[in-house]
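Asker: Right, I'll just put the structure down here and ask away after.
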Amino acid sequence: MSEFADGARLASVQRRLLRLYLVISVLMLLGLGGLTVYSIALGPLVGPGVEASFGYAVALMFLMGATLVHCVDRMYRLWPFGRRVRTQAPEVITDRSLASVAKWFVLAAGAAAVAYVLGGLIGAW
C-alpha cells in the first residue's frame, strides 16, 4: 500500500511540474511574440523615448528567452525525476587552450573594429 501511495504522489508531482513548465513556456512564447510585435510597431528609432522603449523590449525578450531555455534545460536534465544527464567534466586549462581563447578574442575584436569602421564609412556616405 505504501508503494502505491508513493507512486501516486510521485505521479502527481510529475504532472504538476510538467504543467508548471508548460505554463511558463507558453507565457514566455506569448511575451516574446508580443514584444516582437511591439518592437516592429515602434517604427524608426529616432523619436523621443523610442530608443529606450526598444531597448527595454529587447532586454525583456532576452530575459524571456533565457527563462525559456532554462525551463527546457531543466525538463531535459530532470525528466521525470530520475533520468539525469551528466555533463562532461571540464578540461584542464593549458597554455594551448589559453592561446586558442586569445586567438578568438583577437579575431572578434578585429571583426568588431572592421564593422565599426565600415559602419562609420557607410553612415558618412
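Letters A, B, ... go to the chains of the C-alpha cells in the order shown; residues in each chain start at 1; ligands are counted from 1 in the same order.
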So that I can check the secondary structure, give me every residue of chain A assigned alpha helix (DSSP H) by backbone DSSP, as a PyMOL selection string.

Answerer: chain A and resi 2-41+50-77+95-124

Asker: Can you list, as a PyMOL selection string, every protein, DNA or RNA residue that comes within 12 Å of Ile24 of chain A when you count only C-alpha atoms, leaving out same-chain residues fewer than 2 positions away?

Answerer: chain A and resi 17-22+26-31+64-72+75

Asker: Write the residues of the selection above to a file with N, CA and C atoms, as a compact mmCIF listing (two decimals), in the first residue's frame.

Answerer:
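Saved file out-v3.txt follows:
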```
# COMPACT_ATOMS: atom_id res chain seq x y z
N LEU A 17 4.65 19.46 -12.10
CA LEU A 17 5.87 20.02 -12.65
C LEU A 17 5.74 20.24 -14.15
N LEU A 18 5.19 19.26 -14.85
CA LEU A 18 5.02 19.41 -16.30
C LEU A 18 4.05 20.54 -16.62
N ARG A 19 2.99 20.67 -15.84
CA ARG A 19 2.04 21.77 -16.03
C ARG A 19 2.72 23.12 -15.81
N LEU A 20 3.54 23.20 -14.77
CA LEU A 20 4.26 24.43 -14.48
C LEU A 20 5.19 24.80 -15.64
N TYR A 21 5.97 23.84 -16.14
CA TYR A 21 6.86 24.10 -17.26
C TYR A 21 6.09 24.49 -18.51
N LEU A 22 4.95 23.85 -18.74
CA LEU A 22 4.13 24.18 -19.90
C LEU A 22 3.60 25.61 -19.80
N VAL A 26 4.56 28.61 -22.39
CA VAL A 26 3.53 29.30 -23.18
C VAL A 26 3.55 30.80 -22.88
N LEU A 27 3.65 31.17 -21.61
CA LEU A 27 3.69 32.60 -21.26
C LEU A 27 4.91 33.29 -21.85
N MET A 28 6.05 32.63 -21.81
CA MET A 28 7.27 33.23 -22.37
C MET A 28 7.15 33.37 -23.88
N LEU A 29 6.59 32.38 -24.56
CA LEU A 29 6.41 32.49 -26.01
C LEU A 29 5.44 33.60 -26.37
N LEU A 30 4.35 33.73 -25.62
CA LEU A 30 3.40 34.82 -25.85
C LEU A 30 4.06 36.18 -25.60
N GLY A 31 4.82 36.27 -24.53
CA GLY A 31 5.53 37.52 -24.23
C GLY A 31 6.53 37.87 -25.32
N MET A 64 13.23 36.75 -21.32
CA MET A 64 12.23 35.69 -21.55
C MET A 64 12.84 34.51 -22.29
N GLY A 65 13.70 34.79 -23.24
CA GLY A 65 14.38 33.71 -23.95
C GLY A 65 15.26 32.89 -23.02
N ALA A 66 15.95 33.55 -22.12
CA ALA A 66 16.79 32.84 -21.15
C ALA A 66 15.94 32.00 -20.21
N THR A 67 14.80 32.52 -19.78
CA THR A 67 13.90 31.75 -18.92
C THR A 67 13.37 30.53 -19.65
N LEU A 68 13.02 30.70 -20.91
CA LEU A 68 12.52 29.58 -21.71
C LEU A 68 13.60 28.52 -21.88
N VAL A 69 14.82 28.93 -22.20
CA VAL A 69 15.92 27.98 -22.35
C VAL A 69 16.19 27.27 -21.03
N HIS A 70 16.11 27.99 -19.91
CA HIS A 70 16.33 27.38 -18.60
C HIS A 70 15.28 26.30 -18.32
N CYS A 71 14.02 26.61 -18.60
CA CYS A 71 12.95 25.62 -18.36
C CYS A 71 13.13 24.38 -19.22
N VAL A 72 13.47 24.57 -20.48
CA VAL A 72 13.69 23.42 -21.36
C VAL A 72 14.89 22.62 -20.88
N MET A 75 13.83 20.60 -17.87
CA MET A 75 13.00 19.46 -18.26
C MET A 75 13.86 18.35 -18.84
```

Asker: Can you work out the spacing between atom CA of Arg16 of chain A and atom CA of Arg74 of chain A in Å, to one decimal?

Answerer: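 Interatomic distance, atom CA of Arg16 of chain A to atom CA of Arg74 of chain A: 14.4 Å.
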
Asker: Would you mind reading off the distance between atom CA of Leu35 of chain A and atom CA of Asp73 of chain A, one decimal, in Å?

Answerer: 23.2 Å

Asker: Can you check which residues of segment 46-110 of chain A DSSP gives as strand (DSSP E) on the backbone and send them as number ranges by chain?

Answerer: A: 78-79, 83-84

Asker: Atom CA of Val50 of chain A and atom CA of Val37 of chain A are how many Å apart?

Answerer: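 Interatomic distance here is 14.3 Å.
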